[in-house]
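A short worksheet on the structure shown next.
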Protein chains: 4
Amino acid sequence: MTSVSIIGGSGYGGGELLRLLLNHPQVEIRQVTSRSHLGEYVYQVHPNLRKRTQFKFSDPAALEPVDILFLAQPHGQAQHGIGQYAKLAPKIIDLAADFRLHDAAFYEKWYGEKHAAPEWLAKFVYGLPELHRPEMATANYVSGVGCNATAGNLALLPLVKADLIDLSAPVVIEVKVGSSESGADGNAGSHHAERANVIRTFSAFGHRHTAEVIQEMGVTNVSLTMTAVDLVRGVLATAHARVKPGVDTKDLWKAYRAIAGENPFVRVVKEQRGIYRVPEPKILAGSNYADLGFELDEGNGHVVSMCAIDNLMKGASGTAVQCMNLMMGWDETTGLEFAGLHPI
Amino acid sequence: MTSVSIIGGSGYGGGELLRLLLNHPQVEIRQVTSRSHLGEYVYQVHPNLRKRTQFKFSDPAALEPVDILFLAQPHGQAQHGIGQYAKLAPKIIDLAADFRLHDAAFYEKWYGEKHAAPEWLAKFVYGLPELHRPEMATANYVSGVGCNATAGNLALLPLVKADLIDLSAPVVIEVKVGSSESGADGNAGSHHAERANVIRTFSAFGHRHTAEVIQEMGVTNVSLTMTAVDLVRGVLATAHARVKPGVDTKDLWKAYRAIAGENPFVRVVKEQRGIYRVPEPKILAGSNYADLGFELDEGNGHVVSMCAIDNLMKGASGTAVQCMNLMMGWDETTGLEFAGLHPI
Amino acid sequence: MTSVSIIGGSGYGGGELLRLLLNHPQVEIRQVTSRSHLGEYVYQVHPNLRKRTQFKFSDPAALEPVDILFLAQPHGQAQHGIGQYAKLAPKIIDLAADFRLHDAAFYEKWYGEKHAAPEWLAKFVYGLPELHRPEMATANYVSGVGCNATAGNLALLPLVKADLIDLSAPVVIEVKVGSSESGADGNAGSHHAERANVIRTFSAFGHRHTAEVIQEMGVTNVSLTMTAVDLVRGVLATAHARVKPGVDTKDLWKAYRAIAGENPFVRVVKEQRGIYRVPEPKILAGSNYADLGFELDEGNGHVVSMCAIDNLMKGASGTAVQCMNLMMGWDETTGLEFAGLHPI
Amino acid sequence: MTSVSIIGGSGYGGGELLRLLLNHPQVEIRQVTSRSHLGEYVYQVHPNLRKRTQFKFSDPAALEPVDILFLAQPHGQAQHGIGQYAKLAPKIIDLAADFRLHDAAFYEKWYGEKHAAPEWLAKFVYGLPELHRPEMATANYVSGVGCNATAGNLALLPLVKADLIDLSAPVVIEVKVGSSESGADGNAGSHHAERANVIRTFSAFGHRHTAEVIQEMGVTNVSLTMTAVDLVRGVLATAHARVKPGVDTKDLWKAYRAIAGENPFVRVVKEQRGIYRVPEPKILAGSNYADLGFELDEGNGHVVSMCAIDNLMKGASGTAVQCMNLMMGWDETTGLEFAGLHPI
C-alpha cells in the first residue's frame, strides 16, 4: 500500500479528496490535517464520511513522512511550505494555485504579488492529465488546476489541438458556477438568502484562472466572464470563438471525438433528442467526467464550445487523484468510478 | 402626513418595512438608522430600493422626534432602549421579540434571561391584528410577532375560536421555513453550499416562538418543530390536533370561513383541482396574506391545519404596517396591496 | 374608466398582465378569456389573485368591444385573429411574437413560415418604450417584446445610442434564463427533477429573439446564446462587444447614465461595495426595472454589458402596461410601482 | 457471474438500479426493457451512464431467462405479470408497490382496488433488510419498499424494537420529499416554475405508504403527512410520538445505537456542534445510508424521531440491491459503497 497524507483536509477540496482516497484500493491514508478543526472527527466536518472513517484532523506541524503528500490548503500557503513538504514526501500533488503557472513574472502579473518560491515553478507539471499525461508518468510534483480554467481549457482543447481556431483571435469564455467554488468559508454574498436564485456576474474579466487558459492553450486574447448561478456543484464553460476558414461541422466532430477517444474521462454530448442534448454539470456531481459539446454557425464561423464538469471533482480533487494514478503507473480511472446521478 | 422613523433599518425586517413605508400614502419617513451601515445609501443594502429613495442610514444616536417609531433591531435591544424611545414618539411598534410576552416570568422561562424592562410588558398589545384588532385602535405600543408563531397561531385560530379542539390536549406544529428567517447576518450553516437543498430540523421543540402560541392560543401542550428547507421567503405551519367528539368537516369549513370573512388578509385555500389546492408560501412572497387550509380525518378526529405566510411580511413587517394602520384609524390594508406573484 | 379585456389569460404572461391591470387605477377589466380553463375562477389558475377578483375565464368567441384589447396568446394566433380583434377595439397591445418584426421576409427567415397577416406588420410599433416612446403616444397597435430580446436590446442600447461600438462587428450575447420562460405548459425538460440545478444551453445561436435585436439595434453580426439556470423568473443578458478606438470607461458611464436618466425603469448598477454590485434578476421579480451595468477592459476594448430584467414584467406584461400608459397619455409608471423584494 | 435483467428501466428507480448493477462485481446485466424508449441507448435517458454502457432498451416481450429479475415498472403492472415473470427467473425483486402488503383485504383498503394476484402476496418478503434480514437469506421473492414508508419505518424502528412507545397511541409522521418521488413522467404540478420554491402538502393523511408502516411497525393510529419541498432527491421523515413513562434520553441512545450497530447502512446523527447535527437527506444523494436522530422532551415524553434517506437509494433501488446481496449470500454492502457527497 502507498501511504498518503492530506494537508488542509477541512476545506471542500480536501474533503472530496479524502472521500476519494478512502475508497482507493491502493493507498492508505496516514494523516489529514486541519488547524481550525484540530482534534475533531473528520465526519463532523464532512458528514458524508460518518461510519466510513474514524480519522481526526491532526496538526500539520506533526506530519510524518509518506509516499505522497496532497496539499489542499487555501492559495498562497503551499509556496511557503514547499521546501519543508518536499522533505516529507518524494511525490507531491498540490490542489491550490501556487504552482500552476510556470513563469514567475506571469504569476506576478495575474496574482498581484511576487511568488515566494519561484525556483519551484519549473519543477511542477500542470496537473491536467488531458494535457500532460506523458509527463506525469515521471513527475514528482504536480500542480492543481483551476476549476474554471479546466472547464475553459477542455472546451478549447479540441479546437486548439486540431488547429481549428486562430490562437490570436478574440475568445470569450462565459463560465457559470455553483456556490461550492467560493470554498467552505463563504462570505457575505454566499448567505443563502442572498445567494439563492442568483445570476450574478462576479467577474466580467480578469479572473485569475484566465492565466491557466493562456498558458495551456496558447490563446492570447481570451476573457473569462464568471457568473454565479443557483447550484452547489458544477461549472459550465461556454467558449465563443471563430473557426478558421473552411472548417465545418464534420471537422469539429472529428476533433471532439478524438479528444474523447484519447481520454477516459472526456465524453462528447451532442444529441438530437431527449432532455440531455448538451453538456450539463447537473448530472456530473461526484463524477470525474468532463462533458464536451459544440455548435457551429456555418454562416459566420462562430463556434460555441461547451465543457461541463464538477468543480470539486474534475475541477479539483478528482483530477488530483487521476494525476496520482498516472504518477504511480496505476490505472488512470482507479477510485474514480462513480458515474454520477440521474436525476439529482 | 404622519412622520415615521425606523431604528435598525439594515436588517431584513427593517428593509421590508422601509419598502412598505416608502409606498404608503399617509406616512413620511424621516430617518432610517443603522450602525453597521452608517452613511451608506439604503439601496446599497436593499438593492430593490435603488431609484426609489436617496436615504442614507443615519445614526441611531441622532434620532429626532416623530409620530411613530418602528423598532427593527435584533432581539434584546428594544427592552434596553424603550425608555428613551418613548420620549421620541407617542406611538411605537416593535418588530423584535422584546415585548411579545406579557409576563416577565414567562419571558424568563423561554428566553433564559431576565427581562430588562418588565414594567413595559403590560403596555404592549401583541401585534397580530387577527387576534387583537380592537385593542389596536387605542394602543400606543404594539409588539412584533414571531413569524413562526404567527403561522402557528393562525393555523390554530379557527380551531380555538370555534372551540373545536381541547386546549389541553397535545398539539404538534411542524413549521418549515426559508433562509431569510435567520436574518441578514447568517451563520456557518447558512452558507449557500451548506444551506441549499436542505431539509434540516434545527429545533425539534423548545423554539422561543412556542411561547407566543401558548400565550395567544391558550394551548398548553404544544410543540413547534422547526425545519429549514430550500426557500428564501416563506413559512408553512402544519398543526396536528384532535377535534372534539362530533366535530365534522362542515364545522371546520364554517370556522375557517368565519376567520377569513373577518380578516382582510386571511384566505381559505382548499381546492379540489388545479395545482394550488392548499396553502403555500411560494405564492405569498411580498404579500401580506395568511393562507389557511385544513383536512379532517373523520375516522379518528385528526385535524391537519395549515397556515402559509411570507415570514417578512405577515410574519413581520407587513403585519407591523397593518398594526400601524389600525392604530391610526386608516384602512387596514393601506400600503399592503401587493398580491404576490405567480409563478415565482 | 378605460375598458380592457385580455385574450389568453391563463398563461404566465396573461396572468401577470391581469395582476397588473387589477391594480391599475385607470382601467376596468371586462373579460379574461381562456379556452382551456373556460369557466374556472382565474384564481384557480393564478392563485395569487385569490380574494382579489371573482373573474372567471370566459370564451374568446364571446368577446365584447372594449377600449383596449390585450392579446396574450401563444405565438401564431394573433396574426390569424387580428382582423377580427381590430373590430373589437381601437387599440391593441399584443404580447406574442406575431407583430414584432416589420418585414415579412425577415419574419419568414427567423420563424420558418410565412406571416399570415403581413399587411399588419407595418401598423405595429415595436413595444419597447425605451426605444419607441414617441411613436407610442399616437399608436393604435403595439407589439409585444421578446424577453431575451429586451434584455439584449437594453444591454446594447447605451453602446449603440452613444455610437460606442461598430454595428457590423461581432457581438455575442449570453442570456441566462429562468423556467417561467418556457410558459405555463412546460415540457419534458421542465419537470422539476430534470430542470432543477441545471446550467443547460438550449440554444447556442439562432434563437428567434435574435431577430428583434438585429431589427432594433442594427447590429448585424450578433448571436444570442440561451442558457437555462435554476430560477423561475429572471433574465440576465451579458453582451460582449468591442468598443471603438479611444472609448474609455468615462464614455461608458456617460452613455449608461443618459439612458437611465431618460427612462424611469432603467437603472445603472455598478457598485464597488456590498453584495449587489452588478445587475441581477434576483431582486427584480415583480418589478418593471431593467438594471444595466458594464465593465470595460481598457487594454483590448472588450466591453461586457449586462442587463437584468424580470422576463414576465419588463420582458412581457410590465412593458405592455407601460406601453398602454404611453398610448393613453397616462403617467408611464402607473400600476408599475412595485419595487421588487429583498431578499427573495 | 449471476445474470440479471431489469423490466422497466427507463424510470428513475430503474435507472438508479441499472447504475448500481453496472458497478456490481458479481452480476452481469442481460436486458433492460422499456416500451416507451424501445431501441434507444439507455444513456439517452439516463445521461450519467454515457460511456458506461452501450445497452439499448429492449422489448419486455422478448425477455430471456435470468438468475434474478428486477421489476421496476409503475405500480399495478407486476401483479398482472408475476406468473409469467416467475417462469423467467427463480428470484424476483419487485420495486413497485404490488407485493408489499401481505393481506389482500388490507391491500384493497389502501389501494382502492382488488389485488390481481392475491395468492402471491404471501410469497413475498417485505423488502427492507433492517426488518427482514434473516428471511431474505432463503427468499425467492422480495417486494419493494415505499420510500416514505422506509423513512417512517426506520424512524420508528428503534422506538418499537426497544418497546419505548405504546403501539396503539397516536403517531404523526411528517414527511418532506423531493421531486424525484413523483417519477420520471411528472405532472402539471411538477413543472419547475410551479414546483420550485414549494412547501406543498400534497397529502395530509391517507397516503398509501401508511399501510406499510402499519404492517411493519404494528402502530395502529398513525398518520403520514406528505409535504413536497424544493429538492430533487431525498426524504426526511419526522415521527412524533410519546414514550412510555420512565423512558429517558439514555434509553433512546441505547435503542438507536443498537439499530445502527446491527445495520451497516444505519447511522445515528446527533451532534452538539458543527453544521450537520441531525439527519439530513442533503448529504445522502446516491448513498444507501439511513440516518437516524431523535430528541426527547423529558417534560412531557414527546419524542421526535427523524430518518433521512435518498428516496431512490435506500428508499428504492439501493435497498433492492441490498436485498439481492442478502438473497445471494453476498456481502450486504457490495455495490453500495458510495459515501455521498459534501457539499452538494
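Letters for chains follow the order of the C-alpha cells (A, B, ...), residue numbers begin at 1 for each chain, and ligand numbers begin at 1 in the order shown.
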
With a distance threshold of 10 Å and counting only C-alpha atoms, extract the residues of chain B near chain C and express them as an mmCIF file with N, CA and C atoms, in the first residue's frame.
```
data_model
loop_
_atom_site.group_PDB
_atom_site.id
_atom_site.type_symbol
_atom_site.label_atom_id
_atom_site.label_comp_id
_atom_site.auth_asym_id
_atom_site.auth_seq_id
_atom_site.Cartn_x
_atom_site.Cartn_y
_atom_site.Cartn_z
ATOM 1 N N TYR B 12 -33.288 42.457 7.471
ATOM 2 C CA TYR B 12 -34.314 42.081 6.506
ATOM 3 C C TYR B 12 -35.680 42.652 6.877
ATOM 4 N N GLY B 13 -36.000 42.611 8.161
ATOM 5 C CA GLY B 13 -37.284 43.164 8.598
ATOM 6 C C GLY B 13 -37.338 44.661 8.381
ATOM 7 N N GLY B 15 -35.616 46.420 6.212
ATOM 8 C CA GLY B 15 -35.641 46.726 4.783
ATOM 9 C C GLY B 15 -37.029 46.550 4.196
ATOM 10 N N GLU B 16 -37.682 45.487 4.625
ATOM 11 C CA GLU B 16 -39.032 45.235 4.122
ATOM 12 C C GLU B 16 -39.991 46.330 4.602
ATOM 13 N N ARG B 19 -39.439 49.431 2.560
ATOM 14 C CA ARG B 19 -40.079 49.291 1.249
ATOM 15 C C ARG B 19 -41.574 49.608 1.352
ATOM 16 N N LEU B 20 -42.218 49.084 2.364
ATOM 17 C CA LEU B 20 -43.658 49.288 2.522
ATOM 18 C C LEU B 20 -43.980 50.744 2.860
ATOM 19 N N LEU B 22 -42.224 53.423 2.208
ATOM 20 C CA LEU B 22 -41.943 54.320 1.070
ATOM 21 C C LEU B 22 -43.151 54.414 0.145
ATOM 22 N N ASN B 23 -43.927 53.361 0.151
ATOM 23 C CA ASN B 23 -45.068 53.256 -0.755
ATOM 24 C C ASN B 23 -46.386 53.600 -0.057
ATOM 25 N N TYR B 43 -30.087 51.905 -0.578
ATOM 26 C CA TYR B 43 -30.194 50.991 -1.719
ATOM 27 C C TYR B 43 -28.941 50.155 -1.923
ATOM 28 N N GLN B 44 -27.862 50.527 -1.238
ATOM 29 C CA GLN B 44 -26.675 49.668 -1.330
ATOM 30 C C GLN B 44 -26.863 48.383 -0.517
ATOM 31 N N VAL B 45 -27.710 48.462 0.481
ATOM 32 C CA VAL B 45 -28.001 47.282 1.297
ATOM 33 C C VAL B 45 -29.286 46.598 0.812
ATOM 34 N N HIS B 46 -30.262 47.394 0.451
ATOM 35 C CA HIS B 46 -31.536 46.878 -0.048
ATOM 36 C C HIS B 46 -31.646 47.290 -1.520
ATOM 37 N N PRO B 47 -31.064 46.476 -2.395
ATOM 38 C CA PRO B 47 -30.877 46.923 -3.783
ATOM 39 C C PRO B 47 -32.180 47.114 -4.543
ATOM 40 N N ASN B 48 -33.263 46.570 -4.029
ATOM 41 C CA ASN B 48 -34.563 46.774 -4.675
ATOM 42 C C ASN B 48 -35.025 48.224 -4.559
ATOM 43 N N LEU B 49 -34.435 48.981 -3.662
ATOM 44 C CA LEU B 49 -34.888 50.353 -3.429
ATOM 45 C C LEU B 49 -34.091 51.393 -4.226
ATOM 46 N N ARG B 50 -33.200 50.926 -5.043
ATOM 47 C CA ARG B 50 -32.463 51.833 -5.925
ATOM 48 C C ARG B 50 -33.471 52.610 -6.783
ATOM 49 N N LYS B 51 -33.233 53.865 -6.942
ATOM 50 C CA LYS B 51 -34.098 54.784 -7.707
ATOM 51 C C LYS B 51 -35.444 55.019 -7.012
ATOM 52 N N ARG B 52 -35.598 54.477 -5.783
ATOM 53 C CA ARG B 52 -36.833 54.724 -5.032
ATOM 54 C C ARG B 52 -36.593 55.675 -3.884
ATOM 55 N N GLY B 178 -37.947 29.227 5.352
ATOM 56 C CA GLY B 178 -36.921 29.646 4.404
ATOM 57 C C GLY B 178 -35.729 30.289 5.100
ATOM 58 N N SER B 179 -34.731 30.632 4.320
ATOM 59 C CA SER B 179 -33.462 31.089 4.886
ATOM 60 C C SER B 179 -33.464 32.539 5.342
ATOM 61 N N SER B 180 -34.444 33.324 4.925
ATOM 62 C CA SER B 180 -34.442 34.719 5.360
ATOM 63 C C SER B 180 -34.778 34.820 6.848
ATOM 64 N N ALA B 184 -30.176 38.802 8.253
ATOM 65 C CA ALA B 184 -29.239 39.221 7.220
ATOM 66 C C ALA B 184 -27.804 38.807 7.521
ATOM 67 N N LEU B 231 -35.584 27.560 0.396
ATOM 68 C CA LEU B 231 -36.507 28.640 0.054
ATOM 69 C C LEU B 231 -35.954 29.867 0.760
ATOM 70 N N VAL B 232 -36.162 31.037 0.210
ATOM 71 C CA VAL B 232 -35.683 32.245 0.891
ATOM 72 C C VAL B 232 -36.771 32.812 1.799
ATOM 73 N N ARG B 233 -37.940 33.054 1.226
ATOM 74 C CA ARG B 233 -39.049 33.632 1.990
ATOM 75 C C ARG B 233 -40.160 32.621 2.125
ATOM 76 N N GLY B 234 -40.726 32.529 3.326
ATOM 77 C CA GLY B 234 -41.910 31.712 3.462
ATOM 78 C C GLY B 234 -41.864 30.791 4.651
ATOM 79 N N ALA B 260 -61.678 33.948 7.763
ATOM 80 C CA ALA B 260 -61.354 34.637 6.508
ATOM 81 C C ALA B 260 -62.305 35.805 6.278
ATOM 82 N N PRO B 264 -59.180 40.792 6.451
ATOM 83 C CA PRO B 264 -58.915 41.026 5.021
ATOM 84 C C PRO B 264 -57.703 40.269 4.484
ATOM 85 N N PHE B 265 -56.777 39.902 5.366
ATOM 86 C CA PHE B 265 -55.565 39.233 4.866
ATOM 87 C C PHE B 265 -55.573 37.725 5.107
ATOM 88 N N VAL B 266 -56.705 37.188 5.481
ATOM 89 C CA VAL B 266 -56.792 35.730 5.641
ATOM 90 C C VAL B 266 -57.626 35.159 4.501
ATOM 91 N N ARG B 267 -57.124 34.089 3.921
ATOM 92 C CA ARG B 267 -57.843 33.397 2.847
ATOM 93 C C ARG B 267 -57.910 31.909 3.193
ATOM 94 N N VAL B 268 -58.959 31.252 2.765
ATOM 95 C CA VAL B 268 -59.020 29.798 2.902
ATOM 96 C C VAL B 268 -58.670 29.180 1.545
ATOM 97 N N VAL B 269 -57.730 28.276 1.541
ATOM 98 C CA VAL B 269 -57.319 27.598 0.307
ATOM 99 C C VAL B 269 -57.571 26.107 0.480
ATOM 100 N N GLU B 271 -58.839 23.530 -2.438
ATOM 101 C CA GLU B 271 -59.388 23.292 -3.767
ATOM 102 C C GLU B 271 -59.356 21.806 -4.114
ATOM 103 N N GLN B 272 -60.236 21.421 -5.001
ATOM 104 C CA GLN B 272 -60.271 20.027 -5.460
ATOM 105 C C GLN B 272 -59.529 19.841 -6.775
ATOM 106 N N ARG B 273 -59.147 20.936 -7.412
ATOM 107 C CA ARG B 273 -58.486 20.814 -8.707
ATOM 108 C C ARG B 273 -57.387 21.853 -8.845
ATOM 109 N N GLY B 274 -56.620 21.700 -9.878
ATOM 110 C CA GLY B 274 -55.549 22.653 -10.126
ATOM 111 C C GLY B 274 -54.300 22.293 -9.332
ATOM 112 N N ILE B 275 -53.296 23.122 -9.474
ATOM 113 C CA ILE B 275 -52.010 22.863 -8.841
ATOM 114 C C ILE B 275 -51.999 23.379 -7.412
ATOM 115 N N TYR B 276 -52.707 24.478 -7.177
ATOM 116 C CA TYR B 276 -52.638 25.146 -5.866
ATOM 117 C C TYR B 276 -53.878 24.839 -5.042
ATOM 118 N N ARG B 277 -53.884 23.700 -4.365
ATOM 119 C CA ARG B 277 -55.062 23.242 -3.608
ATOM 120 C C ARG B 277 -54.969 23.532 -2.131
ATOM 121 N N PRO B 279 -52.641 25.768 1.178
ATOM 122 C CA PRO B 279 -51.833 26.971 1.432
ATOM 123 C C PRO B 279 -50.368 26.721 1.099
ATOM 124 N N GLU B 280 -49.748 27.658 0.422
ATOM 125 C CA GLU B 280 -48.334 27.525 0.053
ATOM 126 C C GLU B 280 -47.644 28.876 0.146
ATOM 127 N N LYS B 282 -45.030 29.749 -1.310
ATOM 128 C CA LYS B 282 -44.409 30.082 -2.604
ATOM 129 C C LYS B 282 -45.035 31.315 -3.253
ATOM 130 N N ILE B 283 -46.360 31.369 -3.264
ATOM 131 C CA ILE B 283 -47.023 32.459 -3.998
ATOM 132 C C ILE B 283 -47.256 33.688 -3.126
ATOM 133 N N LEU B 284 -46.756 33.673 -1.900
ATOM 134 C CA LEU B 284 -47.044 34.775 -0.977
ATOM 135 C C LEU B 284 -45.899 35.772 -0.842
ATOM 136 N N ALA B 285 -44.793 35.534 -1.509
ATOM 137 C CA ALA B 285 -43.643 36.442 -1.356
ATOM 138 C C ALA B 285 -44.064 37.884 -1.634
ATOM 139 N N GLY B 286 -43.870 38.738 -0.665
ATOM 140 C CA GLY B 286 -44.203 40.148 -0.814
ATOM 141 C C GLY B 286 -45.634 40.496 -0.475
ATOM 142 N N SER B 287 -46.476 39.486 -0.285
ATOM 143 C CA SER B 287 -47.876 39.775 0.045
ATOM 144 C C SER B 287 -48.103 39.629 1.549
ATOM 145 N N TYR B 289 -50.830 38.252 2.859
ATOM 146 C CA TYR B 289 -51.844 37.237 3.136
ATOM 147 C C TYR B 289 -51.341 36.131 4.048
ATOM 148 N N ASP B 291 -52.605 32.330 4.279
ATOM 149 C CA ASP B 291 -53.494 31.351 3.656
ATOM 150 C C ASP B 291 -53.696 30.168 4.594
ATOM 151 N N LEU B 312 -41.394 37.602 6.190
ATOM 152 C CA LEU B 312 -41.003 39.014 6.311
ATOM 153 C C LEU B 312 -42.196 39.961 6.173
ATOM 154 N N GLU B 337 -51.147 46.363 -0.623
ATOM 155 C CA GLU B 337 -51.996 45.871 -1.718
ATOM 156 C C GLU B 337 -51.331 44.848 -2.616
ATOM 157 N N PHE B 338 -50.040 44.681 -2.537
ATOM 158 C CA PHE B 338 -49.359 43.781 -3.479
ATOM 159 C C PHE B 338 -49.908 42.364 -3.339
ATOM 160 N N ALA B 339 -50.262 41.775 -4.496
ATOM 161 C CA ALA B 339 -50.977 40.498 -4.485
ATOM 162 C C ALA B 339 -50.083 39.279 -4.381
ATOM 163 N N GLY B 340 -48.787 39.470 -4.577
ATOM 164 C CA GLY B 340 -47.928 38.290 -4.707
ATOM 165 C C GLY B 340 -47.857 37.861 -6.162
ATOM 166 N N LEU B 341 -46.875 37.025 -6.471
ATOM 167 C CA LEU B 341 -46.576 36.682 -7.863
ATOM 168 C C LEU B 341 -46.858 35.213 -8.165
ATOM 169 N N HIS B 342 -47.219 34.978 -9.409
ATOM 170 C CA HIS B 342 -47.342 33.615 -9.904
ATOM 171 C C HIS B 342 -46.906 33.578 -11.356
ATOM 172 N N PRO B 343 -45.993 32.743 -11.747
ATOM 173 C CA PRO B 343 -45.204 31.875 -10.864
ATOM 174 C C PRO B 343 -44.038 32.659 -10.274
ATOM 175 N N ILE B 344 -43.350 32.065 -9.357
ATOM 176 C CA ILE B 344 -42.207 32.685 -8.733
ATOM 177 C C ILE B 344 -41.327 31.588 -8.160
#
```

Which polymer residues have any atom within 9 Å of an atom of range 316-333 of chain C, counting only C-alpha atoms, with same-chain residues fewer than 3 positions away left out, as a ChimeraX atom specification? /C:13-18,20-21,26,68,70,72,91,93-96,127-129,133-140,142-147,150,264-265,286-288,310-313,336-337

Could you work out how far CA of Arg195 in chain B lies from CA of His75 in chain B, giving the answer in Å with one decimal? 23.4 Å

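With only C-alpha atoms as the atoms that count, the residue of A:Ser305, A:Thr33, A:Thr210, A:Ser5 with the shortest distance to Ile165 in chain A is A:Ser305.
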
As a PyMOL selection string, please: every residue in range 151-269 of chain B that a backbone DSSP assignment puts in strand (DSSP E). chain B and resi 171-177+199-203+222-229+235-242+266-268

Residues from last step as file, N, CA, C and O atoms, as a CSV table (one decimal), in the first residue's frame:
```csv
chain,number,residue,atom,x,y,z
B,171,VAL,N,-50.7,19.2,21.0
B,171,VAL,CA,-50.7,19.8,19.6
B,171,VAL,C,-49.3,19.8,19.1
B,171,VAL,O,-48.4,20.2,19.8
B,172,VAL,N,-49.1,19.3,17.9
B,172,VAL,CA,-47.8,19.3,17.3
B,172,VAL,C,-47.9,20.3,16.1
B,172,VAL,O,-48.8,20.1,15.3
B,173,ILE,N,-47.0,21.3,16.1
B,173,ILE,CA,-47.0,22.2,14.9
B,173,ILE,C,-45.6,22.0,14.2
B,173,ILE,O,-44.6,22.3,14.8
B,174,GLU,N,-45.7,21.5,13.0
B,174,GLU,CA,-44.5,21.3,12.2
B,174,GLU,C,-44.3,22.6,11.4
B,174,GLU,O,-45.2,22.9,10.6
B,175,VAL,N,-43.2,23.3,11.5
B,175,VAL,CA,-43.0,24.5,10.8
B,175,VAL,C,-41.9,24.3,9.8
B,175,VAL,O,-40.8,23.9,10.2
B,176,LYS,N,-42.1,24.7,8.6
B,176,LYS,CA,-41.0,24.6,7.6
B,176,LYS,C,-40.7,26.1,7.2
B,176,LYS,O,-41.6,26.8,6.9
B,177,VAL,N,-39.4,26.4,7.1
B,177,VAL,CA,-39.1,27.8,6.9
B,177,VAL,C,-38.0,28.0,5.9
B,177,VAL,O,-37.2,27.1,5.6
B,199,ILE,N,-33.2,19.8,4.1
B,199,ILE,CA,-34.4,19.6,4.9
B,199,ILE,C,-33.8,19.3,6.3
B,199,ILE,O,-33.4,18.2,6.6
B,200,ARG,N,-33.6,20.4,7.0
B,200,ARG,CA,-32.8,20.4,8.2
B,200,ARG,C,-33.6,20.9,9.5
B,200,ARG,O,-34.0,22.0,9.6
B,201,THR,N,-33.8,19.9,10.3
B,201,THR,CA,-34.6,20.2,11.5
B,201,THR,C,-33.7,20.8,12.6
B,201,THR,O,-33.0,20.1,13.3
B,202,PHE,N,-33.8,22.2,12.7
B,202,PHE,CA,-32.9,22.9,13.6
B,202,PHE,C,-33.4,23.0,15.0
B,202,PHE,O,-32.7,23.4,15.9
B,203,SER,N,-34.7,22.7,15.2
B,203,SER,CA,-35.2,22.7,16.6
B,203,SER,C,-36.4,21.7,16.6
B,203,SER,O,-37.4,21.9,16.0
B,222,VAL,N,-48.2,22.2,23.6
B,222,VAL,CA,-47.9,22.4,22.2
B,222,VAL,C,-46.4,22.4,21.9
B,222,VAL,O,-45.6,22.9,22.7
B,223,SER,N,-46.0,21.7,20.9
B,223,SER,CA,-44.6,21.7,20.4
B,223,SER,C,-44.5,22.3,19.0
B,223,SER,O,-45.3,22.0,18.1
B,224,LEU,N,-43.5,23.1,18.8
B,224,LEU,CA,-43.2,23.6,17.5
B,224,LEU,C,-41.9,22.9,17.1
B,224,LEU,O,-40.9,22.9,17.8
B,225,THR,N,-42.0,22.2,15.9
B,225,THR,CA,-40.8,21.6,15.3
B,225,THR,C,-40.4,22.4,14.1
B,225,THR,O,-41.2,22.5,13.2
B,226,MET,N,-39.2,22.9,14.1
B,226,MET,CA,-38.7,23.8,13.0
B,226,MET,C,-37.8,23.1,12.1
B,226,MET,O,-36.7,22.6,12.5
B,227,THR,N,-38.1,23.2,10.8
B,227,THR,CA,-37.3,22.6,9.8
B,227,THR,C,-37.0,23.6,8.6
B,227,THR,O,-37.9,24.1,8.1
B,228,ALA,N,-35.8,23.7,8.3
B,228,ALA,CA,-35.3,24.6,7.3
B,228,ALA,C,-35.4,23.9,5.9
B,228,ALA,O,-34.9,22.8,5.8
B,229,VAL,N,-36.0,24.5,4.9
B,229,VAL,CA,-36.0,24.0,3.6
B,229,VAL,C,-35.4,25.0,2.6
B,229,VAL,O,-35.1,26.1,3.0
B,235,VAL,N,-43.0,30.6,5.2
B,235,VAL,CA,-43.2,29.7,6.3
B,235,VAL,C,-44.5,28.9,6.0
B,235,VAL,O,-45.5,29.5,5.6
B,236,LEU,N,-44.5,27.6,6.3
B,236,LEU,CA,-45.7,26.8,6.4
B,236,LEU,C,-45.7,26.2,7.7
B,236,LEU,O,-44.8,25.4,8.1
B,237,ALA,N,-46.8,26.4,8.5
B,237,ALA,CA,-47.0,25.8,9.7
B,237,ALA,C,-48.1,24.7,9.5
B,237,ALA,O,-49.2,25.0,9.0
B,238,THR,N,-47.8,23.5,10.0
B,238,THR,CA,-48.8,22.4,9.9
B,238,THR,C,-49.1,22.0,11.3
B,238,THR,O,-48.3,21.4,11.9
B,239,ALA,N,-50.3,22.3,11.7
B,239,ALA,CA,-50.7,21.9,13.1
B,239,ALA,C,-51.5,20.6,13.1
B,239,ALA,O,-52.4,20.4,12.3
B,240,HIS,N,-51.0,19.7,14.0
B,240,HIS,CA,-51.7,18.4,14.1
B,240,HIS,C,-52.4,18.4,15.5
B,240,HIS,O,-51.8,18.6,16.5
B,241,ALA,N,-53.7,18.2,15.4
B,241,ALA,CA,-54.5,18.2,16.7
B,241,ALA,C,-55.6,17.2,16.5
B,241,ALA,O,-55.8,16.6,15.5
B,242,ARG,N,-56.4,17.0,17.6
B,242,ARG,CA,-57.6,16.2,17.5
B,242,ARG,C,-58.8,17.0,17.8
B,242,ARG,O,-58.8,17.8,18.8
B,266,VAL,N,-56.7,37.2,5.5
B,266,VAL,CA,-56.8,35.7,5.6
B,266,VAL,C,-57.6,35.2,4.5
B,266,VAL,O,-58.7,35.7,4.2
B,267,ARG,N,-57.1,34.1,3.9
B,267,ARG,CA,-57.8,33.4,2.8
B,267,ARG,C,-57.9,31.9,3.2
B,267,ARG,O,-57.0,31.4,3.8
B,268,VAL,N,-59.0,31.3,2.8
B,268,VAL,CA,-59.0,29.8,2.9
B,268,VAL,C,-58.7,29.2,1.5
B,268,VAL,O,-59.2,29.6,0.5
```

Measure the distance from CA of Tyr41 in chain C to CA of Gly81 in chain C in Å and round it to one decimal.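 That distance, rounded to one decimal, is 25.1 Å.
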
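If you count only C-alpha atoms and ignore residues fewer than 4 places along the chain from Gln31 in chain D, what sits within 10 Å of it is Ser3, Val4, Ser5, Ile6, Ile7, Gly9, Phe55, Lys56, Phe57, Ser58, Asp59, Pro60, Ala62, Leu63, Glu64, Val66 and Leu69 of chain D.
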
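Atom to atom, CA of Lys250 in chain D and CA of Leu296 in chain D stand 10.0 Å apart.
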
DSSP-assigned helix (DSSP H, G or I) members of range 214-310 of chain B, reported as an NGL selection string: :B and (214-217 or 249-262 or 281-284)
